[in-house]
Every structure is written in structure tokens, then in C-alpha cells.
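Okay, final35.txt is below, compact mmCIF, C-alpha atoms and all ligand atoms:
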```
# COMPACT_ATOMS: atom_id res chain seq x y z
CA MET A 29 -35.77 74.00 -34.61
CA ASN A 30 -32.89 71.62 -33.94
CA LYS A 31 -31.38 69.36 -36.61
CA LYS A 32 -32.77 66.12 -35.21
CA ILE A 33 -36.31 67.48 -35.29
CA LEU A 34 -35.82 68.95 -38.78
CA ASN A 35 -34.56 65.61 -40.09
CA PHE A 36 -37.61 63.97 -38.58
CA ILE A 37 -39.98 66.39 -40.35
CA LYS A 38 -38.14 65.82 -43.66
CA LYS A 39 -39.23 62.17 -43.59
CA LYS A 40 -42.74 63.28 -44.58
CA ASN A 41 -43.49 62.13 -48.12
CA LYS A 42 -40.14 60.30 -48.24
CA SER A 43 -40.37 57.29 -45.96
CA LYS A 44 -42.88 55.90 -43.50
CA ILE A 45 -42.17 56.93 -39.92
CA ILE A 46 -41.85 54.15 -37.37
CA SER A 47 -42.71 54.73 -33.74
CA LEU A 48 -43.22 52.53 -30.69
CA THR A 49 -43.56 53.16 -26.98
CA ALA A 50 -41.01 52.28 -24.31
CA TYR A 51 -41.19 52.60 -20.55
CA SER A 52 -37.77 51.18 -19.67
CA LYS A 53 -34.18 50.85 -20.91
CA ASN A 54 -34.12 47.23 -22.13
CA ILE A 55 -37.18 47.51 -24.37
CA ALA A 56 -36.04 50.96 -25.53
CA SER A 57 -32.66 49.69 -26.65
CA ILE A 58 -34.27 46.94 -28.78
CA ILE A 59 -36.93 49.08 -30.48
CA ASP A 60 -34.55 52.02 -30.97
CA ARG A 61 -32.87 50.02 -33.76
CA HIS A 62 -36.07 50.05 -35.80
CA CYS A 63 -37.75 53.29 -34.78
CA ASP A 64 -37.58 56.93 -35.84
CA LEU A 65 -39.36 57.98 -32.67
CA VAL A 66 -39.55 56.30 -29.27
CA LEU A 67 -42.44 57.54 -27.18
CA VAL A 68 -42.56 57.34 -23.41
CA GLY A 69 -46.35 57.33 -23.43
CA ASP A 70 -48.53 57.96 -20.43
CA SER A 71 -50.21 54.73 -21.56
CA LEU A 72 -47.78 53.30 -18.99
CA GLY A 73 -50.50 54.13 -16.44
CA SER A 74 -52.83 51.49 -17.80
CA VAL A 75 -50.22 49.13 -19.24
CA LEU A 76 -47.85 48.92 -16.25
CA TYR A 77 -49.87 50.19 -13.29
CA SER A 78 -53.37 48.94 -14.24
CA PHE A 79 -54.87 52.40 -13.76
CA SER A 80 -58.36 52.67 -15.21
CA SER A 81 -57.20 55.70 -17.22
CA THR A 82 -54.07 57.75 -17.83
CA LYS A 83 -55.39 60.50 -15.54
CA LYS A 84 -53.56 59.14 -12.48
CA VAL A 85 -50.13 59.19 -14.13
CA THR A 86 -47.85 61.70 -12.41
CA LEU A 87 -44.98 63.84 -13.61
CA ASP A 88 -42.57 61.91 -11.38
CA MET A 89 -43.67 58.58 -12.89
CA MET A 90 -43.07 59.94 -16.40
CA ILE A 91 -39.67 61.31 -15.41
CA GLU A 92 -38.44 58.11 -13.74
CA HIS A 93 -39.51 55.88 -16.65
CA SER A 94 -38.06 58.36 -19.15
CA LYS A 95 -34.70 58.37 -17.37
CA SER A 96 -34.59 54.61 -17.84
CA VAL A 97 -35.67 54.84 -21.50
CA ARG A 98 -33.02 57.52 -22.16
CA MET A 99 -30.32 54.93 -21.40
CA GLY A 100 -31.64 52.70 -24.19
CA VAL A 101 -32.41 55.24 -26.90
CA LYS A 102 -29.36 56.12 -28.97
CA LYS A 103 -30.62 57.16 -32.41
CA SER A 104 -34.37 57.74 -32.39
CA LEU A 105 -36.12 60.90 -31.39
CA MET A 106 -37.22 60.44 -27.79
CA VAL A 107 -40.57 62.04 -26.92
CA VAL A 108 -42.16 62.11 -23.46
CA ASP A 109 -45.87 62.53 -22.77
CA MET A 110 -46.84 65.35 -20.42
CA PRO A 111 -49.31 63.69 -18.07
CA HIS A 112 -52.80 64.89 -17.16
CA ASN A 113 -53.01 68.09 -15.10
CA THR A 114 -49.43 69.11 -15.76
CA TYR A 115 -50.22 71.65 -18.52
CA ARG A 116 -53.44 73.37 -17.38
CA ASN A 117 -52.00 76.77 -18.30
CA SER A 118 -48.88 78.05 -20.07
CA LYS A 119 -46.95 78.76 -16.88
CA GLU A 120 -47.56 75.31 -15.42
CA ALA A 121 -46.77 73.66 -18.77
CA LEU A 122 -43.51 75.54 -19.21
CA SER A 123 -42.28 74.74 -15.73
CA ASN A 124 -43.18 71.03 -16.06
CA ALA A 125 -41.87 70.67 -19.62
CA LYS A 126 -38.56 72.22 -18.57
CA LYS A 127 -38.41 69.74 -15.70
CA ILE A 128 -39.07 66.80 -18.02
CA ILE A 129 -36.43 67.94 -20.53
CA SER A 130 -33.74 68.72 -17.97
CA LYS A 131 -34.23 65.53 -15.93
CA THR A 132 -34.72 63.07 -18.79
CA LYS A 133 -32.74 64.67 -21.63
CA CYS A 134 -35.58 63.77 -24.01
CA ASP A 135 -35.82 65.52 -27.38
CA ALA A 136 -39.42 66.69 -27.17
CA ILE A 137 -42.67 66.47 -25.25
CA LYS A 138 -46.16 65.49 -26.42
CA LEU A 139 -49.43 66.87 -25.14
CA GLU A 140 -53.06 66.20 -25.99
CA GLY A 141 -55.58 68.61 -27.50
CA GLY A 142 -56.35 71.23 -30.10
CA LYS A 143 -57.60 74.81 -29.75
CA LYS A 144 -57.62 74.63 -25.93
CA VAL A 145 -53.87 74.06 -25.70
CA ILE A 146 -52.68 76.29 -28.55
CA GLN A 147 -51.48 79.12 -26.32
CA THR A 148 -49.63 76.62 -24.13
CA ILE A 149 -47.97 75.05 -27.18
CA LYS A 150 -46.92 78.47 -28.47
CA THR A 151 -45.34 79.29 -25.10
CA LEU A 152 -43.40 76.01 -25.04
CA ILE A 153 -42.16 76.44 -28.61
CA LYS A 154 -41.19 80.07 -27.93
CA ASN A 155 -39.06 78.65 -25.14
CA LYS A 156 -37.37 76.22 -27.53
CA ILE A 157 -39.23 73.12 -26.33
CA PRO A 158 -40.18 70.93 -29.32
CA VAL A 159 -43.82 69.82 -29.10
CA MET A 160 -45.67 66.92 -30.66
CA GLY A 161 -49.46 67.32 -30.85
CA HIS A 162 -52.12 64.66 -30.29
CA LEU A 163 -55.64 64.77 -31.80
CA GLY A 164 -58.59 62.40 -32.17
CA VAL A 165 -59.22 60.26 -29.12
CA LEU A 166 -57.54 62.04 -26.21
CA PRO A 167 -57.19 59.48 -23.41
CA GLN A 168 -56.46 62.11 -20.73
CA SER A 169 -59.91 63.66 -21.13
CA ALA A 170 -61.92 61.02 -23.03
CA THR A 171 -65.21 59.78 -21.69
CA ASN A 172 -65.33 57.06 -24.33
CA PHE A 173 -62.87 55.57 -26.80
CA LYS A 174 -65.05 55.64 -29.92
CA TYR A 175 -63.21 56.68 -33.07
CA LYS A 176 -63.45 60.33 -34.08
CA GLY A 177 -64.51 61.90 -37.36
CA LYS A 178 -67.81 60.24 -38.14
CA GLU A 179 -69.87 63.42 -37.83
CA THR A 180 -69.23 66.46 -40.07
CA ALA A 181 -69.01 68.88 -37.14
CA GLU A 182 -66.44 66.72 -35.37
CA ARG A 183 -64.41 66.33 -38.58
CA LYS A 184 -64.30 70.10 -39.03
CA ILE A 185 -63.03 70.61 -35.48
CA ILE A 186 -60.28 68.00 -35.81
CA LEU A 187 -59.18 69.37 -39.20
CA ARG A 188 -59.20 72.92 -37.83
CA ASP A 189 -57.22 71.79 -34.77
CA SER A 190 -54.60 70.10 -36.95
CA LYS A 191 -54.02 73.40 -38.78
CA LEU A 192 -53.91 75.31 -35.49
CA LEU A 193 -51.31 72.88 -34.16
CA GLU A 194 -49.25 73.22 -37.32
CA ASP A 195 -49.43 77.02 -37.18
CA ALA A 196 -48.43 76.94 -33.50
CA GLY A 197 -45.26 75.09 -34.56
CA VAL A 198 -45.64 71.44 -33.53
CA PHE A 199 -43.19 69.17 -35.35
CA SER A 200 -45.61 66.25 -35.66
CA ILE A 201 -49.15 65.21 -34.76
CA VAL A 202 -50.38 61.89 -33.37
CA LEU A 203 -53.81 60.98 -34.74
CA GLU A 204 -55.49 58.50 -32.43
CA CYS A 205 -58.55 56.59 -33.65
CA VAL A 206 -59.40 59.04 -36.43
CA GLU A 207 -61.63 57.99 -39.34
CA SER A 208 -59.54 57.01 -42.39
CA SER A 209 -60.59 59.69 -44.90
CA LEU A 210 -60.18 62.43 -42.27
CA ALA A 211 -56.70 61.14 -41.35
CA LYS A 212 -55.88 61.22 -45.08
CA GLU A 213 -57.14 64.79 -45.43
CA ILE A 214 -55.18 66.00 -42.38
CA THR A 215 -52.04 64.24 -43.62
CA LYS A 216 -52.39 65.96 -47.00
CA THR A 217 -53.16 69.33 -45.43
CA VAL A 218 -50.45 69.73 -42.79
CA LYS A 219 -46.76 69.97 -43.62
CA VAL A 220 -45.62 68.12 -40.50
CA PRO A 221 -45.77 64.31 -40.24
CA THR A 222 -48.91 62.67 -38.88
CA ILE A 223 -48.39 59.53 -36.82
CA GLY A 224 -51.43 57.29 -36.65
CA ILE A 225 -52.71 54.83 -34.11
CA GLY A 226 -56.03 53.49 -35.33
CA ALA A 227 -56.00 56.24 -37.97
CA SER A 228 -55.44 54.25 -41.19
CA VAL A 229 -52.56 53.65 -43.54
CA HIS A 230 -52.80 57.22 -44.86
CA CYS A 231 -50.78 58.74 -42.00
CA ASP A 232 -47.10 59.55 -42.50
CA GLY A 233 -46.16 57.03 -39.83
CA GLN A 234 -47.56 54.60 -37.31
CA VAL A 235 -47.18 54.17 -33.56
CA LEU A 236 -48.14 51.21 -31.38
CA VAL A 237 -47.80 50.48 -27.70
CA THR A 238 -44.96 47.96 -27.58
CA ASP A 239 -46.62 45.82 -24.90
CA ASP A 240 -49.59 45.40 -27.28
CA LEU A 241 -47.28 44.60 -30.20
CA ILE A 242 -45.49 41.80 -28.36
CA GLY A 243 -48.49 40.28 -26.62
CA LEU A 244 -47.66 41.34 -23.07
CA ASN A 245 -50.74 43.53 -22.71
CA LYS A 246 -54.16 41.94 -23.04
CA ILE A 247 -55.85 44.89 -24.80
CA LYS A 248 -58.39 43.96 -27.50
CA ALA A 249 -58.50 47.14 -29.58
CA ARG A 250 -59.21 47.08 -33.32
CA PHE A 251 -56.05 49.07 -34.04
CA VAL A 252 -53.70 46.60 -32.35
CA LYS A 253 -51.85 43.97 -34.33
CA ARG A 254 -49.96 41.46 -32.22
CA TYR A 255 -46.60 40.66 -33.81
CA SER A 256 -45.28 38.33 -31.13
CA ASN A 257 -46.43 36.34 -28.12
CA ILE A 258 -43.81 37.22 -25.56
CA GLU A 259 -46.15 36.18 -22.75
CA LYS A 260 -45.83 32.57 -23.91
CA GLN A 261 -42.03 32.85 -24.09
CA ILE A 262 -41.79 34.29 -20.56
CA ASN A 263 -44.21 31.67 -19.30
CA ASP A 264 -42.23 28.84 -20.91
CA ALA A 265 -38.95 30.17 -19.48
CA ALA A 266 -40.41 30.52 -15.97
CA LEU A 267 -41.85 27.02 -16.17
CA LYS A 268 -38.52 25.52 -17.32
CA PHE A 269 -36.73 27.38 -14.51
CA LYS A 270 -39.23 26.04 -11.98
CA LYS A 271 -38.84 22.45 -13.23
CA ASP A 272 -35.02 22.69 -13.21
CA VAL A 273 -34.97 24.04 -9.64
CA ILE A 274 -37.38 21.35 -8.38
CA ARG A 275 -35.26 18.62 -10.01
CA SER A 276 -31.99 20.20 -8.78
CA LYS A 277 -30.92 20.63 -12.41
CA PHE A 278 -30.25 24.32 -11.81
CA PRO A 279 -27.83 25.66 -10.72
CA THR A 280 -25.15 23.31 -12.03
CA LYS A 281 -21.43 23.56 -11.24
CA LYS A 282 -21.17 25.97 -14.17
CA HIS A 283 -23.44 28.42 -12.38
CA SER A 284 -21.84 28.00 -8.95
CA TYR A 285 -18.68 29.31 -7.24
O1 LIG A 301 -49.54 57.16 -24.30
C1 LIG A 301 -49.28 56.62 -25.39
O2 LIG A 301 -48.70 55.54 -25.48
C2 LIG A 301 -49.70 57.34 -26.59
C3 LIG A 301 -49.71 56.57 -27.88
C4 LIG A 301 -50.81 55.61 -27.88
C5 LIG A 301 -49.74 57.46 -29.04
O3 LIG A 301 -50.02 58.48 -26.54
```
Write-out of the structure in C-alpha cells:
Amino acid sequence: MNKKILNFIKKKNKSKIISLTAYSKNIASIIDRHCDLVLVGDSLGSVLYSFSSTKKVTLDMMIEHSKSVRMGVKKSLMVVDMPHNTYRNSKEALSNAKKIISKTKCDAIKLEGGKKVIQTIKTLIKNKIPVMGHLGVLPQSATNFKYKGKETAERKIILRDSKLLEDAGVFSIVLECVESSLAKEITKTVKVPTIGIGASVHCDGQVLVTDDLIGLNKIKARFVKRYSNIEKQINDAALKFKKDVIRSKFPTKKHSY
């Protein structure tokens, strides 16, 4: 395991891990200052492209956005989501993960699932590709977005999967919409950091989609807390620009040649 990844793992039980998503350079360079991990999430499918799910996100889309993000991320760990249907077997996963790493220079990839993807994860790690796991609600295959871990049988599967992921060698696990006491149990059980989204305060760290955080995305999920209303700021700026142009107040001599 490389030093950057090892330092990331060492944060468990020391300090809370901060993670946000970025899909482009400018946002990446701002959040990088405050993050331990910047995720190029396939949530970009719904957030930027208005896809009804993340299933339509392609490898090329992830690569192009990640290349932009790479220019903004200087200190955080940069992780890229492998999109749907790009890791259906170990061979396909290895070829696509290598492509993502070589073209984007990211530090690691993330993929969704438990037992089903264990062999794939082992193959990637054997080939020196750091992998982040993702359990709970799995948007690439979900039929609904209800939180996970209410039923005993479901809890057992998620807990088992977290151990399988740890044994396979993932360096961290995202827990998405996982019931609080289960997220707590997983976080206590596994030695690698858990990063929650809708999975309670008990996780080792938290991740949010930046567009949700700043009020650019209109999602109304329980796990989202809006920290800013950037939509209003952009709207106000566009309106002022419009008024200035109509009144010939912009451009002035200062802005002309
Ligand atoms: O795609 C994404 O942004 C994610 C986070 C929500 C964890 O996977």
C-alpha cells in the first residue's frame, strides 16, 4: 500500500475524515483545502446530466471529469468511481481501472457492492490498484433508495460484506444510507475508515455531494445539509450583469481596449 493511502487509513480513531465530491477543477481546488478525500462520484450523472440514475454514466465521462478534477486536487486523496457495467468481471474491471488510473492519475478507484465484487476487488488490489468499497444503498443497482439495515437479515449481510471488503484489502468503505447502530457496529468492527453519507455520526468520516452542500442541486434527501445557497449568489450576479448591460454600465472604459 502506498504512503498516501496508509496515512489516510491512520486517520481512523484519530481525526474525523472529511470528504466531498468534485466533478471539475475549480470546485476541486476549493474543497481540496478542507478535504482528506475528494471523490469524483458517478453522482455526476444525476447532478450534472439529469440522468434518472447513475447507470448511464460512462467510463469516458468519468475520465474526462476526473482529468479536470486532477488539476484542482493537490493534497487530498483523489478517488474516482468506476461507473456501472465497467466491472462486471475481474478482467473487465482491471482493464478499466488501469485506464482510469493512467488517464486521470487518481489515487484510487471506488466500486459498489459486497460479496459479488470480492473477487474483482482482490484482482485489482493484487495489481496494486487501491480500492474503496461502497455498501448500503448502491445507486448503480438500487431499485429504491430506502435506508438499509432495518431488518436483521439485511444487517447481517451488510456486516458480513464489510468484513469481506476489509479482508479483500479495501482501504476504506463508504456506507450510504445505513441505519445508525449498524454503521456504528461496522465502524467498530473494521480496521479501515468508514465514510458515511446518511449513515450517522458514528462513521469515521463523512462525505457529501458538493452541489447538495452549496445549494446548486435541488435534492431533498434527509442526509443532505445545505451549507450555502450558491444558486442565489449566481442568480444575483447574473441579474446584476444583465441590468448593467441593459443600462450600458458594463463594460466601462476599464474593461475595454
Ligand atoms: O457518486 C457519489 O457521489 C458517491 C457518494 C455519494 C458517496 O458515491
Protein and nucleic residues near ligand LIG 301 (chain A), 6 Å, all atoms listed in the file, as a list in words: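 Listed by chain and ascending number, the contacts are Thr49, Gly69, Asp70, Ser71 and Val237 of chain A.
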Do you know which residues are at most 10 Å from Val206 in chain A counting only C-alpha atoms, after dropping those on the same chain fewer than 6 positions away, and could you put them as a short mmCIF file (atom, residue, chain, number, x, y, z; two decimals) with C-alpha atoms, keeping the file's coordinate frame?
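Wrote out-v4.cif, looks like this:
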```
data_model
loop_
_atom_site.label_atom_id
_atom_site.label_comp_id
_atom_site.auth_asym_id
_atom_site.auth_seq_id
_atom_site.Cartn_x
_atom_site.Cartn_y
_atom_site.Cartn_z
CA LEU A 163 -55.64 64.77 -31.80
CA GLY A 164 -58.59 62.40 -32.17
CA VAL A 165 -59.22 60.26 -29.12
CA LYS A 174 -65.05 55.64 -29.92
CA TYR A 175 -63.21 56.68 -33.07
CA LYS A 176 -63.45 60.33 -34.08
CA GLY A 177 -64.51 61.90 -37.36
CA LYS A 178 -67.81 60.24 -38.14
CA ARG A 183 -64.41 66.33 -38.58
CA ILE A 186 -60.28 68.00 -35.81
CA LYS A 212 -55.88 61.22 -45.08
CA GLY A 224 -51.43 57.29 -36.65
CA ILE A 225 -52.71 54.83 -34.11
CA GLY A 226 -56.03 53.49 -35.33
CA ALA A 227 -56.00 56.24 -37.97
CA SER A 228 -55.44 54.25 -41.19
#
```
Residues within 9 Å of (-41.2, 51.7, -22.4), file coords, all atoms listed in the file, listed as a ChimeraX atom specification: /A:48-56,66-69,72,93-94,96-97,237-239
Counting all atoms listed in the file, the residue of A:Ser256, A:Thr280, A:Gln234, A:Ser81 that sits nearest Ser43 in chain A: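 Smallest separation from Ser43 in chain A among the options: A:Gln234.
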Distance criterion (all atoms listed in the file): nearest to Val202 in chain A out of A:Ile242, A:Leu139, A:Leu187, A:Val273: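 Under the stated criterion, the closest residue is A:Leu139.
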CA of Lys40 in chain A to CA of Lys216 in chain A, straight-line distance in Å: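 These two atoms are separated by 10.3 Å.
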Given all atoms listed in the file as the counted atoms, nearest of A:Asp60, A:Glu259, A:Asp240, A:Asp232 to Phe36 in chain A: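 Using all atoms listed in the file, Phe36 in chain A sits closest to A:Asp232.
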Å distance separating CA of Gly100 in chain A from CA of Leu203 in chain A, one decimal place: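 Atom-to-atom, CA of Gly100 in chain A to CA of Leu203 in chain A, that is 25.9 Å.
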All residues 12 Å or closer to Ser130 in chain A, all atoms listed in the file, same chain fewer than 6 positions away omitted, as a list in words: Ile91, Ser94, Lys95, Arg98, Leu122, Ser123, Asn124, Ala136, Ile137 and Ile157 of chain A
Computed interatomic separation between CA of Lys84 in chain A and CA of Thr114 in chain A (Å):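 The value is 11.3 Å.
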Polymer residues at most 7 Å from range 191-198 of chain A, all atoms listed in the file, same-chain spacing of 6 or more positions, as a list of chain:residue names: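 So, after excluding close chain neighbours, the residues are A:Gly142, A:Lys143, A:Ile146, A:Ile149, A:Lys150, A:Ile153, A:Pro158, A:Val159, A:Met160, A:Gly161, A:Val218.
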Would you compute, for all listed atoms of range 180-192 of chain A, the axis-aligned bounding box grown by 6 Å on each side, and then report its centre and edge lengths in Å rounded to one decimal, as JSON?
```
{"center_x": -61.6, "center_y": 70.8, "center_z": -37.4, "size_x": 27.3, "size_y": 21.0, "size_z": 17.3}
```
Nearest to Asp64 in chain A, chosen from A:Gln261, A:Ala181, A:Tyr285, A:Lys102, with all atoms listed in the file counted in the distances: A:Lys102
Of the listed residues A:Leu87, A:Leu105, A:Ile258, A:Val145, that which approaches Ala125 in chain A most closely, counting all atoms listed in the file: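 Selected residue with least distance to Ala125 in chain A: A:Leu87.
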Among the residues A:Asn155, A:Asn245, A:Thr222, A:Ser104, the one that comes closest to Phe199 in chain A [using only C-alpha atoms]: A:Thr222
Residue list as a PyMOL selection string for point (-54.1, 45.6, -32.5), cut-off 10 Å, only C-alpha atoms: chain A and resi 225-226+236-237+240-241+243+247-255
Please save C-alpha atoms of the selected residues as a PDB file, keeping the file's coordinate frame.
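So result38.pdb came out as:
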```pdb
ATOM      1  CA  ILE A 225     -52.710  54.830 -34.110  1.00  0.00           C
ATOM      2  CA  GLY A 226     -56.030  53.490 -35.330  1.00  0.00           C
ATOM      3  CA  LEU A 236     -48.140  51.210 -31.380  1.00  0.00           C
ATOM      4  CA  VAL A 237     -47.800  50.480 -27.700  1.00  0.00           C
ATOM      5  CA  ASP A 240     -49.590  45.400 -27.280  1.00  0.00           C
ATOM      6  CA  LEU A 241     -47.280  44.600 -30.200  1.00  0.00           C
ATOM      7  CA  GLY A 243     -48.490  40.280 -26.620  1.00  0.00           C
ATOM      8  CA  ILE A 247     -55.850  44.890 -24.800  1.00  0.00           C
ATOM      9  CA  LYS A 248     -58.390  43.960 -27.500  1.00  0.00           C
ATOM     10  CA  ALA A 249     -58.500  47.140 -29.580  1.00  0.00           C
ATOM     11  CA  ARG A 250     -59.210  47.080 -33.320  1.00  0.00           C
ATOM     12  CA  PHE A 251     -56.050  49.070 -34.040  1.00  0.00           C
ATOM     13  CA  VAL A 252     -53.700  46.600 -32.350  1.00  0.00           C
ATOM     14  CA  LYS A 253     -51.850  43.970 -34.330  1.00  0.00           C
ATOM     15  CA  ARG A 254     -49.960  41.460 -32.220  1.00  0.00           C
ATOM     16  CA  TYR A 255     -46.600  40.660 -33.810  1.00  0.00           C
TER      17      TYR A 255
END
```
Contacts of Asn113 in chain A at 10 Å (only C-alpha atoms; same-chain gap of 5+ positions) as a ChimeraX atom specification: /A:83-87,120-121,168
